[in-house]
$ cat data19.txt   # compact mmCIF, C-alpha atoms
# COMPACT_ATOMS: atom_id res chain seq x y z
CA MET A 1331 139.27 38.04 114.75
CA ARG A 1332 138.84 40.21 117.82
CA LEU A 1333 136.94 43.50 117.52
CA TYR A 1334 136.95 45.98 120.41
CA VAL A 1335 133.58 47.72 120.69
CA THR A 1336 131.25 49.88 122.77
CA PRO A 1337 127.58 50.64 122.07
CA ALA A 1338 128.11 54.43 122.25
CA SER A 1339 130.81 54.85 119.59
CA PRO A 1340 129.61 55.85 116.11
CA TRP A 1341 132.92 54.62 114.66
CA VAL A 1342 132.23 51.19 116.17
CA ARG A 1343 128.65 51.30 114.94
CA ARG A 1344 129.84 51.98 111.40
CA VAL A 1345 131.95 48.82 111.49
CA ARG A 1346 129.26 46.72 113.19
CA VAL A 1347 126.64 47.77 110.63
CA ALA A 1348 129.04 46.90 107.79
CA ILE A 1349 129.61 43.46 109.38
CA LEU A 1350 125.87 42.83 109.72
CA GLU A 1351 125.14 44.03 106.19
CA LEU A 1352 127.77 41.60 104.89
CA GLY A 1353 126.42 38.81 107.12
CA ILE A 1354 129.85 37.92 108.50
CA GLN A 1355 129.23 38.44 112.25
CA ASP A 1356 130.20 34.82 113.04
CA ARG A 1357 133.81 35.60 112.16
CA PHE A 1358 134.30 38.02 115.08
CA GLU A 1359 134.81 37.94 118.80
CA PHE A 1360 133.26 41.21 119.99
CA VAL A 1361 135.11 42.50 123.06
CA GLN A 1362 133.17 45.01 125.16
CA THR A 1363 135.26 47.85 126.56
CA LYS A 1364 134.69 50.26 129.48
CA TRP A 1365 135.41 53.98 129.22
CA PRO A 1366 135.40 56.16 132.33
CA HIS A 1367 134.44 59.74 131.44
CA ALA A 1368 138.03 60.83 132.01
CA TRP A 1369 138.75 59.58 128.44
CA GLY A 1370 138.00 63.11 127.20
CA THR A 1371 141.36 64.34 128.46
CA ARG A 1372 143.23 61.30 129.84
CA THR A 1373 144.56 57.99 128.64
CA VAL A 1374 142.31 55.30 130.10
CA VAL A 1375 142.67 51.51 129.88
CA PRO A 1376 139.28 50.17 128.81
CA HIS A 1377 140.25 46.47 128.75
CA PRO A 1378 143.25 44.57 130.16
CA GLU A 1379 144.61 43.44 126.77
CA PHE A 1380 143.66 46.58 124.85
CA MET A 1381 146.88 48.59 125.10
CA GLY A 1382 148.94 45.62 124.00
CA ASP A 1383 146.71 45.18 120.95
CA THR A 1384 146.69 48.80 119.75
CA PRO A 1385 149.14 51.63 120.40
CA VAL A 1386 146.49 54.10 119.27
CA ALA A 1387 144.20 53.06 122.15
CA ARG A 1388 141.00 53.92 120.37
CA ILE A 1389 138.03 51.91 119.22
CA PRO A 1390 137.17 50.23 116.98
CA ALA A 1391 140.31 48.10 116.81
CA LEU A 1392 140.36 44.88 114.81
CA VAL A 1393 143.00 42.28 115.71
CA THR A 1394 143.63 39.53 113.17
CA ALA A 1395 146.29 36.83 113.23
CA ASP A 1396 148.34 38.88 110.79
CA PHE A 1397 147.79 42.59 111.54
CA THR A 1398 145.83 45.09 113.61
CA LEU A 1399 143.67 47.83 112.11
CA THR A 1400 142.98 50.67 114.52
CA ASP A 1401 140.44 52.91 112.82
CA SER A 1402 137.07 52.41 111.16
CA HIS A 1403 138.31 53.61 107.73
CA SER A 1404 140.86 50.83 107.35
CA ILE A 1405 138.59 48.24 109.00
CA CYS A 1406 135.72 49.01 106.61
CA ASP A 1407 138.10 48.95 103.65
CA TYR A 1408 139.34 45.52 104.77
CA LEU A 1409 135.87 44.05 105.40
CA ASN A 1410 134.59 45.34 102.05
CA GLY A 1411 137.55 43.99 100.07
CA GLU A 1412 138.25 40.75 101.88
CA PHE A 1413 134.74 39.56 102.73
CA GLY A 1414 132.34 41.78 100.76
CA ASN A 1415 133.50 41.44 97.16
CA PHE A 1416 133.48 45.28 97.09
CA ARG A 1417 129.69 45.39 97.52
CA LEU A 1418 129.79 48.22 100.10
CA LEU A 1419 132.29 50.35 98.18
CA ALA A 1420 133.45 50.01 94.56
CA ARG A 1421 137.02 48.79 94.17
CA ASP A 1422 138.04 51.74 91.96
CA GLY A 1423 136.75 54.19 89.38
CA VAL A 1424 134.38 57.09 89.63
CA ALA A 1425 131.80 55.11 91.63
CA ARG A 1426 134.39 54.74 94.38
CA TRP A 1427 135.49 58.38 94.29
CA ARG A 1428 131.93 59.70 94.44
CA ALA A 1429 131.14 57.41 97.37
CA LEU A 1430 134.33 58.57 99.12
CA ALA A 1431 133.20 62.18 98.63
CA THR A 1432 129.99 61.44 100.54
CA ILE A 1433 131.83 59.36 103.13
CA SER A 1434 134.34 62.14 103.78
CA VAL A 1435 131.51 64.55 104.68
CA ALA A 1436 129.70 62.00 106.87
CA ASN A 1437 133.00 61.08 108.55
CA ALA A 1438 133.61 64.76 109.27
CA ILE A 1439 130.28 64.88 111.09
CA ILE A 1440 131.24 61.87 113.22
CA GLU A 1441 134.64 63.37 114.03
CA ALA A 1442 132.96 66.60 115.11
CA GLN A 1443 130.42 64.67 117.19
CA ILE A 1444 133.17 62.85 119.07
CA SER A 1445 135.34 65.94 119.54
CA ARG A 1446 132.29 67.78 120.91
CA ARG A 1447 131.52 64.87 123.23
CA ALA A 1448 135.10 64.89 124.57
CA GLU A 1449 134.82 68.65 125.12
CA LEU A 1450 131.56 68.23 127.05
CA LEU A 1451 133.29 65.69 129.33
CA ARG A 1452 135.95 68.24 130.35
CA SER A 1453 135.85 70.08 133.65
CA ASP A 1454 133.95 73.38 133.52
CA SER A 1455 137.15 75.40 133.71
CA GLU A 1456 138.75 73.73 130.67
CA ARG A 1457 135.66 73.58 128.47
CA SER A 1458 135.59 75.89 125.45
CA SER A 1459 132.14 77.05 124.37
CA ASP A 1460 133.78 78.36 121.19
CA PHE A 1461 135.07 74.90 120.32
CA ILE A 1462 131.67 73.33 120.94
CA ALA A 1463 130.06 75.93 118.67
CA LYS A 1464 132.72 75.28 116.01
CA MET A 1465 131.94 71.54 116.03
CA ARG A 1466 128.17 72.16 116.02
CA ASP A 1467 128.50 74.51 113.03
CA ARG A 1468 130.58 71.92 111.15
CA GLN A 1469 128.00 69.22 111.89
CA LEU A 1470 125.17 71.37 110.54
CA ARG A 1471 127.10 72.51 107.45
CA CYS A 1472 127.87 68.87 106.63
CA PHE A 1473 124.27 67.77 107.20
CA GLU A 1474 123.19 70.53 104.78
CA ALA A 1475 125.69 69.16 102.25
CA LEU A 1476 124.37 65.60 102.66
CA GLU A 1477 120.82 66.92 102.21
CA LYS A 1478 121.83 67.75 98.62
CA GLN A 1479 123.25 64.26 98.06
CA VAL A 1480 120.49 62.08 99.47
CA GLN A 1481 118.44 62.12 96.27
CA GLY A 1482 121.38 60.47 94.51
CA PHE A 1483 121.59 57.57 96.97
CA GLY A 1484 121.16 54.22 95.19
CA THR A 1485 119.21 51.14 96.23
CA GLU A 1486 122.26 49.43 97.75
CA PHE A 1487 122.81 50.27 101.45
CA ASP A 1488 126.50 50.87 100.88
CA LEU A 1489 129.28 52.38 102.98
CA ALA A 1490 128.29 55.95 102.06
CA GLN A 1491 124.76 55.30 103.29
CA ILE A 1492 125.95 53.37 106.36
CA THR A 1493 128.25 56.22 107.39
CA THR A 1494 125.55 58.82 106.77
CA ALA A 1495 123.00 56.84 108.80
CA VAL A 1496 125.43 56.46 111.70
CA ALA A 1497 126.06 60.23 111.71
CA CYS A 1498 122.31 60.91 111.74
CA GLY A 1499 121.70 58.35 114.49
CA TYR A 1500 124.40 59.72 116.76
CA ASP A 1501 123.12 63.27 116.42
CA ASP A 1502 119.60 62.15 117.32
CA TRP A 1503 120.87 60.24 120.33
CA ARG A 1504 123.43 62.63 121.76
CA TYR A 1505 122.54 66.13 120.60
CA GLY A 1506 118.81 66.27 119.90
CA ASN A 1507 117.29 66.93 116.54
CA ASP A 1508 118.79 70.20 115.31
CA TRP A 1509 120.12 68.53 112.15
CA ARG A 1510 116.61 67.57 111.05
CA GLY A 1511 115.71 71.21 110.55
CA VAL A 1512 118.49 71.82 108.02
CA ALA A 1513 118.19 68.42 106.31
CA PRO A 1514 114.52 67.37 106.12
CA LYS A 1515 114.90 65.04 103.12
CA LEU A 1516 117.85 63.36 104.80
CA ALA A 1517 115.74 62.93 107.95
CA THR A 1518 112.97 61.22 105.95
CA TRP A 1519 115.53 58.91 104.34
CA PHE A 1520 117.12 58.14 107.72
CA ASP A 1521 113.80 57.31 109.37
CA ALA A 1522 113.13 54.79 106.59
CA VAL A 1523 116.54 53.05 106.64
CA SER A 1524 116.52 53.01 110.45
CA GLN A 1525 114.20 50.02 110.21
CA ARG A 1526 116.96 47.86 108.72
CA PRO A 1527 117.98 45.05 111.10
CA SER A 1528 121.63 46.18 111.01
CA LEU A 1529 120.69 49.61 112.40
CA GLN A 1530 118.09 48.26 114.82
CA ALA A 1531 120.68 45.85 116.28
CA THR A 1532 123.24 48.61 116.83
CA ARG A 1533 121.21 51.43 118.33
CA PRO A 1534 123.43 53.69 120.47
CA ALA A 1535 123.53 53.12 124.22
CA GLU A 1536 125.77 54.43 126.99
CA THR A 1537 129.17 52.79 127.31
CA PRO A 1538 129.90 51.04 130.62
CA GLN A 1539 132.14 53.31 132.68
CA SER A 1540 133.59 50.71 135.01
CA MET B 96 141.77 70.17 89.87
CA ARG B 97 142.04 72.63 92.72
CA LEU B 98 143.86 71.55 95.91
CA TYR B 99 143.70 73.75 99.02
CA VAL B 100 147.01 73.67 100.90
CA THR B 101 149.21 75.19 103.57
CA PRO B 102 152.88 74.45 104.27
CA ALA B 103 152.24 73.65 107.96
CA SER B 104 149.63 70.91 107.64
CA PRO B 105 150.91 67.31 107.78
CA TRP B 106 147.68 66.13 106.11
CA VAL B 107 148.41 68.46 103.19
CA ARG B 108 152.02 67.33 103.11
CA ARG B 109 150.94 63.70 102.85
CA VAL B 110 148.92 64.52 99.73
CA ARG B 111 151.60 66.76 98.22
CA VAL B 112 154.26 64.08 98.69
CA ALA B 113 151.99 61.49 97.05
CA ILE B 114 151.46 63.86 94.10
CA LEU B 115 155.20 64.45 93.72
CA GLU B 116 156.02 60.74 94.02
CA LEU B 117 153.48 60.03 91.26
CA GLY B 118 154.84 62.92 89.14
CA ILE B 119 151.40 64.39 88.51
CA GLN B 120 151.86 67.90 89.96
CA ASP B 121 150.98 69.54 86.62
CA ARG B 122 147.38 68.40 87.04
CA PHE B 123 146.72 70.61 90.08
CA GLU B 124 146.10 74.24 90.91
CA PHE B 125 147.52 74.61 94.40
CA VAL B 126 145.53 77.22 96.36
CA GLN B 127 147.34 78.68 99.37
CA THR B 128 145.13 79.27 102.42
CA LYS B 129 145.54 81.52 105.49
CA TRP B 130 144.73 80.32 109.00
CA PRO B 131 144.58 82.81 111.88
CA HIS B 132 145.47 81.06 115.15
CA ALA B 133 141.83 81.26 116.22
CA TRP B 134 141.26 78.09 114.13
CA GLY B 135 141.96 76.03 117.26
CA THR B 136 138.53 76.85 118.64
CA ARG B 137 136.71 78.90 115.98
CA THR B 138 135.50 78.53 112.42
CA VAL B 139 137.77 80.67 110.25
CA VAL B 140 137.52 81.38 106.52
CA PRO B 141 140.98 80.77 105.06
CA HIS B 142 140.09 81.61 101.46
CA PRO B 143 137.10 83.36 99.86
CA GLU B 144 135.89 80.33 97.88
CA PHE B 145 136.81 77.73 100.48
CA MET B 146 133.54 77.38 102.39
CA GLY B 147 131.60 76.99 99.18
CA ASP B 148 133.93 74.21 98.07
CA THR B 149 133.92 72.15 101.28
CA PRO B 150 131.37 72.02 104.10
CA VAL B 151 133.99 70.37 106.29
CA ALA B 152 136.21 73.48 106.08
CA ARG B 153 139.46 71.62 106.57
CA ILE B 154 142.50 71.09 104.43
CA PRO B 155 143.48 69.37 102.28
CA ALA B 156 140.40 69.64 100.08
CA LEU B 157 140.50 68.52 96.45
CA VAL B 158 137.90 69.95 94.09
CA THR B 159 137.44 68.15 90.78
CA ALA B 160 134.85 68.82 88.07
CA ASP B 161 132.83 65.89 89.39
CA PHE B 162 133.24 65.71 93.17
CA THR B 163 135.06 67.14 96.18
CA LEU B 164 137.21 65.08 98.54
CA THR B 165 137.73 66.72 101.91
CA ASP B 166 140.28 64.58 103.75
CA SER B 167 143.71 63.19 102.96
CA HIS B 168 142.56 59.54 103.24
CA SER B 169 140.09 59.78 100.36
CA ILE B 170 142.37 62.08 98.34
CA CYS B 171 145.30 59.65 98.59
CA ASP B 172 143.02 56.73 97.71
CA TYR B 173 141.84 58.64 94.64
CA LEU B 174 145.32 59.69 93.48
CA ASN B 175 146.67 56.18 93.94
CA GLY B 176 143.82 54.52 92.06
CA GLU B 177 143.13 57.05 89.34
CA PHE B 178 146.65 58.25 88.52
CA GLY B 179 149.03 55.86 90.27
CA ASN B 180 148.00 52.43 89.00
CA PHE B 181 147.96 51.41 92.69
CA ARG B 182 151.71 51.91 93.02
CA LEU B 183 151.46 53.70 96.40
CA LEU B 184 148.97 51.24 97.92
CA ALA B 185 147.94 47.80 96.66
CA ARG B 186 144.41 47.64 95.26
CA ASP B 187 143.40 44.75 97.54
CA GLY B 188 144.70 41.67 99.31
CA VAL B 189 146.99 41.24 102.27
CA ALA B 190 149.56 43.74 100.92
CA ARG B 191 146.88 46.44 101.15
CA TRP B 192 145.69 45.42 104.63
CA ARG B 193 149.22 45.32 106.05
CA ALA B 194 149.96 48.75 104.60
CA LEU B 195 146.69 50.08 106.06
CA ALA B 196 147.75 48.73 109.46
CA THR B 197 150.91 50.84 109.32
CA ILE B 198 149.04 53.82 107.88
CA SER B 199 146.43 53.70 110.67
CA VAL B 200 149.18 54.05 113.30
CA ALA B 201 150.96 56.85 111.43
CA ASN B 202 147.64 58.61 110.84
CA ALA B 203 146.91 58.38 114.57
CA ILE B 204 150.17 60.21 115.24
CA ILE B 205 149.23 62.98 112.83
CA GLU B 206 145.76 63.31 114.37
CA ALA B 207 147.32 63.60 117.83
CA GLN B 208 149.84 66.15 116.55
CA ILE B 209 147.07 68.35 115.16
CA SER B 210 144.82 67.99 118.21
CA ARG B 211 147.76 68.94 120.42
CA ARG B 212 148.53 71.93 118.21
CA ALA B 213 144.91 73.13 118.43
CA GLU B 214 145.08 72.74 122.21
CA LEU B 215 148.26 74.80 122.38
CA LEU B 216 146.54 77.59 120.44
CA ARG B 217 143.78 77.88 123.07
CA SER B 218 143.72 80.64 125.66
CA ASP B 219 145.53 79.74 128.88
CA SER B 220 142.28 79.33 130.78
CA GLU B 221 140.82 76.75 128.38
CA ARG B 222 144.00 74.76 127.79
CA SER B 223 144.11 71.25 129.28
CA SER B 224 147.55 70.00 130.25
CA ASP B 225 145.99 66.56 130.69
CA PHE B 226 144.82 66.54 127.07
CA ILE B 227 148.24 67.62 125.82
CA ALA B 228 149.85 64.80 127.83
CA LYS B 229 147.30 62.32 126.46
CA MET B 230 148.19 63.30 122.87
CA ARG B 231 151.92 63.23 123.59
CA ASP B 232 151.63 59.75 125.11
CA ARG B 233 149.69 58.52 122.07
CA GLN B 234 152.31 59.96 119.72
CA LEU B 235 155.13 58.20 121.58
CA ARG B 236 153.28 54.87 121.84
CA CYS B 237 152.64 54.97 118.10
CA PHE B 238 156.24 55.87 117.28
CA GLU B 239 157.32 52.88 119.40
CA ALA B 240 154.96 50.69 117.36
CA LEU B 241 156.34 52.03 114.06
CA GLU B 242 159.87 51.34 115.34
CA LYS B 243 158.97 47.63 115.22
CA GLN B 244 157.66 47.92 111.64
CA VAL B 245 160.41 49.90 109.99
CA GLN B 246 162.57 46.85 109.30
CA GLY B 247 159.74 45.48 107.16
CA PHE B 248 159.53 48.58 104.96
CA GLY B 249 160.10 47.69 101.28
CA THR B 250 162.08 49.51 98.64
CA GLU B 251 159.01 51.33 97.25
CA PHE B 252 158.35 54.68 98.96
CA ASP B 253 154.64 53.88 99.29
CA LEU B 254 151.77 55.48 101.18
CA ALA B 255 152.69 53.72 104.43
CA GLN B 256 156.20 55.17 104.22
CA ILE B 257 154.96 58.58 103.07
CA THR B 258 152.56 58.81 106.01
CA THR B 259 155.20 57.64 108.46
CA ALA B 260 157.73 60.16 107.14
CA VAL B 261 155.21 63.01 107.41
CA ALA B 262 154.49 62.06 111.03
CA CYS B 263 158.22 62.03 111.83
CA GLY B 264 158.80 65.33 110.06
CA TYR B 265 155.99 67.13 111.85
CA ASP B 266 157.20 65.95 115.25
CA ASP B 267 160.71 67.19 114.49
CA TRP B 268 159.38 70.55 113.35
CA ARG B 269 156.72 71.28 115.94
CA TYR B 270 157.56 69.32 119.07
CA GLY B 271 161.29 68.71 119.16
CA ASN B 272 162.91 65.33 119.02
CA ASP B 273 161.35 63.27 121.83
CA TRP B 274 160.19 60.59 119.36
CA ARG B 275 163.76 59.87 118.29
CA GLY B 276 164.58 58.49 121.73
CA VAL B 277 161.88 55.83 121.59
CA ALA B 278 162.32 55.02 117.88
CA PRO B 279 166.03 55.20 116.94
CA LYS B 280 165.80 52.86 113.93
CA LEU B 281 162.86 54.83 112.63
CA ALA B 282 164.87 58.02 113.06
CA THR B 283 167.73 56.58 111.00
CA TRP B 284 165.28 55.53 108.28
CA PHE B 285 163.61 58.95 108.33
CA ASP B 286 166.89 60.84 108.04
CA ALA B 287 167.70 58.79 104.92
CA VAL B 288 164.35 59.18 103.15
CA SER B 289 164.24 62.88 104.05
CA GLN B 290 166.65 63.43 101.16
CA ARG B 291 163.98 62.47 98.63
CA PRO B 292 162.98 65.43 96.43
CA SER B 293 159.29 64.98 97.41
CA LEU B 294 160.10 65.50 101.09
CA GLN B 295 162.66 68.25 100.46
CA ALA B 296 160.08 70.18 98.40
CA THR B 297 157.43 69.96 101.13
CA ARG B 298 159.34 70.78 104.30
CA PRO B 299 156.99 72.23 106.94
CA ALA B 300 156.79 76.01 107.32
CA GLU B 301 154.41 78.31 109.19
CA THR B 302 151.05 78.93 107.57
CA PRO B 303 150.26 82.56 106.68
CA GLN B 304 147.89 83.94 109.32
CA SER B 305 146.44 86.80 107.33
$ encode --input "data19.txt" --output "structure tokens"
Amino acid sequence: MRLYVTPASPWVRRVRVAILELGIQDRFEFVQTKWPHAWGTRTVVPHPEFMGDTPVARIPALVTADFTLTDSHSICDYLNGEFGNFRLLARDGVARWRALATISVANAIIEAQISRRAELLRSDSERSSDFIAKMRDRQLRCFEALEKQVQGFGTEFDLAQITTAVACGYDDWRYGNDWRGVAPKLATWFDAVSQRPSLQATRPAETPQS
Amino acid sequence: MRLYVTPASPWVRRVRVAILELGIQDRFEFVQTKWPHAWGTRTVVPHPEFMGDTPVARIPALVTADFTLTDSHSICDYLNGEFGNFRLLARDGVARWRALATISVANAIIEAQISRRAELLRSDSERSSDFIAKMRDRQLRCFEALEKQVQGFGTEFDLAQITTAVACGYDDWRYGNDWRGVAPKLATWFDAVSQRPSLQATRPAETPQS
């Protein structure tokens, strides 16, 4: 299977951490992509074969012999069900719904982080300080919500924890530490799980631009 | 259960159609929300209890006695598994992954439609014509991709078909008919399924602003 990646994308990191936690990295060809900063407002072609593989033109994109999955939600669902025996996310029942509730908040943080990043890459004249503030406020509200959930996290480093850790890690890397002030227990948890090999191996780094 | 809705949101429509197709509408209190046009760049409060119910502050949001789901992906997964006996989306296996592949393309259209709408609601000085073109191009590429999949659609009006129909319907309503030129077979399919009661009952309409 071919997986399009960059080291900066939190959506890619979520998938890569899931792959490492399941120990199935040998099944994938990881294809590095390049993203000029114009991606914030323009369609860019980050790899010669990319546009043929996914009409969405976003990463991560997973190309199998049979189908292509073009977002981290469906890719994680596939990895968990096909190769993980539902270890990262329960197949059904209240355990799944509660995990999805946490995941939906952590995903909302990541969406806001990426939308804010795209806004920051705009030209000065088209950049909305209101929009940036809206995304920042959403990030902080969601971190406050996760702060109340962290004490219920189990011993398994599952998809809810993976997604939460990726959201924390991206905020540290890209936006400084303002989330740590509103979510101190979450910060303590994150600093501990950050030592896991899957998170150490996927620390964020700038994407090649050309 | 309380479900926050508006008649304009395609994400809400996706959930409402799933509920109607499963015949479980009596289980929900549908809470109408109001969205002043400032939502494109500012945090707005569309209902007095809304911000306490969801830190993400987006719709749809489903509040149960036990947890809150704040995006249509997790809500549809929950409805399908808890009340639908996996009729709208297979529980696992290749039938699920293939459906997710279609859903991820249709979801990408809806995301682009909403991002483009938010951009159009910006002040003239902060509006990026490049960004609008990028979203439009993504919508059309994804409609072209769905055009190749429509012949494989089965007789069950499942979550892949629901999501595709919602994407088609929003484009017709908000952006005119440019997708019909690139996806004529999809347009024929959509015109036929549009007669279903679930789609008739959820036709898009403007959201109350105040």
$ closest_residue --input "data19.txt" --among "A:Ala1348, A:Ala1475, A:Ala1448, A:Leu1392" --to "chain B" --atoms "all atoms listed in the file"
A:Ala1475
$ interface_residues --input "data19.txt" --of "chain B" --to "chain A" --cutoff "9 Å" --atoms "only C-alpha atoms" --output "ChimeraX atom specification"
/B:135-138,149-152,161-166,168-170,172-173,176-177,186-189,191-193,195-200,203-204,217,220-230,232-240
$ residues_near_point --input "data19.txt" --point "(162.2, 53.1, 115.2)" --cutoff "7 Å" --atoms "all atoms listed in the file" --output "MDAnalysis selection string"
chainID B and resid 238:239 241:243 245 277:282
$ atom_distance --input "data19.txt" --atom1 "CA of Gly249 in chain B" --atom2 "CA of Phe178 in chain B"
21.3 Å
$ residues_near_point --input "data19.txt" --point "(125.3, 51.0, 98.5)" --cutoff "10 Å" --atoms "only C-alpha atoms" --output "ChimeraX atom specification"
/A:1417-1420,1429,1483-1492
$ atom_distance --input "data19.txt" --atom1 "CA of Ile154 in chain B" --atom2 "CA of Ser104 in chain B"
7.8 Å
$ atom_distance --input "data19.txt" --atom1 "CA of Gln208 in chain B" --atom2 "CA of Cys263 in chain B"
10.5 Å
$ residues_around --input "data19.txt" --residues "Glu1359 in chain A" --least-positions-apart "3" --cutoff "12 Å" --atoms "only C-alpha atoms" --output "PyMOL selection string"
chain A and resi 1331-1335+1346+1354-1356+1362+1391-1394
$ write_last_selection --input "data19.txt" --atoms "C-alpha atoms" --output "PDB file, in the coordinates of the input"
ATOM      1  CA  MET A1331     139.270  38.040 114.750  1.00  0.00           C
ATOM      2  CA  ARG A1332     138.840  40.210 117.820  1.00  0.00           C
ATOM      3  CA  LEU A1333     136.940  43.500 117.520  1.00  0.00           C
ATOM      4  CA  TYR A1334     136.950  45.980 120.410  1.00  0.00           C
ATOM      5  CA  VAL A1335     133.580  47.720 120.690  1.00  0.00           C
ATOM      6  CA  ARG A1346     129.260  46.720 113.190  1.00  0.00           C
ATOM      7  CA  ILE A1354     129.850  37.920 108.500  1.00  0.00           C
ATOM      8  CA  GLN A1355     129.230  38.440 112.250  1.00  0.00           C
ATOM      9  CA  ASP A1356     130.200  34.820 113.040  1.00  0.00           C
ATOM     10  CA  GLN A1362     133.170  45.010 125.160  1.00  0.00           C
ATOM     11  CA  ALA A1391     140.310  48.100 116.810  1.00  0.00           C
ATOM     12  CA  LEU A1392     140.360  44.880 114.810  1.00  0.00           C
ATOM     13  CA  VAL A1393     143.000  42.280 115.710  1.00  0.00           C
ATOM     14  CA  THR A1394     143.630  39.530 113.170  1.00  0.00           C
TER      15      THR A1394
END
$ closest_residue --input "data19.txt" --among "A:Gly1482, A:Pro1378, A:Pro1390, A:Gly1353" --to "Pro1527 in chain A" --atoms "all atoms listed in the file"
A:Gly1353
$ closest_residue --input "data19.txt" --among "A:Ala1395, A:Val1361, A:Leu1352, A:Ala1535" --to "Pro1340 in chain A" --atoms "all atoms listed in the file"
A:Ala1535
$ residues_around --input "data19.txt" --residues "range 302-304 of chain B" --least-positions-apart "6" --cutoff "6 Å" --atoms "all atoms listed in the file" --output "PyMOL selection string"
chain B and resi 101-103+129-131
$ write_last_selection --input "data19.txt" --atoms "C-alpha atoms" --output "mmCIF file, keeping the file's coordinate frame"
data_model
loop_
_atom_site.group_PDB
_atom_site.id
_atom_site.type_symbol
_atom_site.label_atom_id
_atom_site.label_comp_id
_atom_site.auth_asym_id
_atom_site.auth_seq_id
_atom_site.Cartn_x
_atom_site.Cartn_y
_atom_site.Cartn_z
ATOM 1 C CA THR B 101 149.210 75.190 103.570
ATOM 2 C CA PRO B 102 152.880 74.450 104.270
ATOM 3 C CA ALA B 103 152.240 73.650 107.960
ATOM 4 C CA LYS B 129 145.540 81.520 105.490
ATOM 5 C CA TRP B 130 144.730 80.320 109.000
ATOM 6 C CA PRO B 131 144.580 82.810 111.880
#
$ decode --input "data19.txt" --residues "range 183-198 of chain B" --atoms "N, CA and C atoms" --output "mmCIF file, in the first residue's frame"
data_model
loop_
_atom_site.group_PDB
_atom_site.id
_atom_site.type_symbol
_atom_site.label_atom_id
_atom_site.label_comp_id
_atom_site.auth_asym_id
_atom_site.auth_seq_id
_atom_site.Cartn_x
_atom_site.Cartn_y
_atom_site.Cartn_z
ATOM 1 N N LEU B 183 -26.676 0.915 7.109
ATOM 2 C CA LEU B 183 -26.206 2.039 6.283
ATOM 3 C C LEU B 183 -24.721 1.931 5.949
ATOM 4 N N LEU B 184 -23.988 1.165 6.734
ATOM 5 C CA LEU B 184 -22.541 1.008 6.513
ATOM 6 C C LEU B 184 -22.130 -0.302 7.176
ATOM 7 N N ALA B 185 -21.468 -1.174 6.392
ATOM 8 C CA ALA B 185 -21.064 -2.478 6.920
ATOM 9 C C ALA B 185 -20.189 -2.321 8.164
ATOM 10 N N ARG B 186 -20.283 -3.262 9.085
ATOM 11 C CA ARG B 186 -19.542 -3.143 10.337
ATOM 12 C C ARG B 186 -18.041 -3.237 10.102
ATOM 13 N N ASP B 187 -17.608 -4.073 9.173
ATOM 14 C CA ASP B 187 -16.181 -4.215 8.879
ATOM 15 C C ASP B 187 -16.033 -4.910 7.533
ATOM 16 N N GLY B 188 -14.799 -5.170 7.138
ATOM 17 C CA GLY B 188 -14.547 -5.885 5.896
ATOM 18 C C GLY B 188 -14.552 -4.966 4.690
ATOM 19 N N VAL B 189 -14.290 -5.548 3.540
ATOM 20 C CA VAL B 189 -14.054 -4.758 2.333
ATOM 21 C C VAL B 189 -15.283 -3.929 1.938
ATOM 22 N N ALA B 190 -16.496 -4.408 2.270
ATOM 23 C CA ALA B 190 -17.692 -3.606 1.962
ATOM 24 C C ALA B 190 -17.642 -2.278 2.706
ATOM 25 N N ARG B 191 -17.159 -2.300 3.956
ATOM 26 C CA ARG B 191 -17.035 -1.053 4.717
ATOM 27 C C ARG B 191 -15.951 -0.159 4.109
ATOM 28 N N TRP B 192 -14.795 -0.733 3.782
ATOM 29 C CA TRP B 192 -13.686 0.106 3.295
ATOM 30 C C TRP B 192 -14.027 0.745 1.951
ATOM 31 N N ARG B 193 -14.684 -0.021 1.084
ATOM 32 C CA ARG B 193 -15.079 0.561 -0.216
ATOM 33 C C ARG B 193 -16.095 1.685 -0.037
ATOM 34 N N ALA B 194 -17.027 1.488 0.882
ATOM 35 C CA ALA B 194 -18.004 2.558 1.149
ATOM 36 C C ALA B 194 -17.294 3.782 1.727
ATOM 37 N N LEU B 195 -16.338 3.567 2.632
ATOM 38 C CA LEU B 195 -15.596 4.690 3.208
ATOM 39 C C LEU B 195 -14.814 5.448 2.129
ATOM 40 N N ALA B 196 -14.333 4.710 1.117
ATOM 41 C CA ALA B 196 -13.608 5.381 0.030
ATOM 42 C C ALA B 196 -14.531 6.359 -0.704
ATOM 43 N N THR B 197 -15.747 5.933 -0.978
ATOM 44 C CA THR B 197 -16.719 6.841 -1.602
ATOM 45 C C THR B 197 -17.091 7.978 -0.657
ATOM 46 N N ILE B 198 -17.336 7.636 0.586
ATOM 47 C CA ILE B 198 -17.727 8.645 1.584
ATOM 48 C C ILE B 198 -16.633 9.697 1.734
#
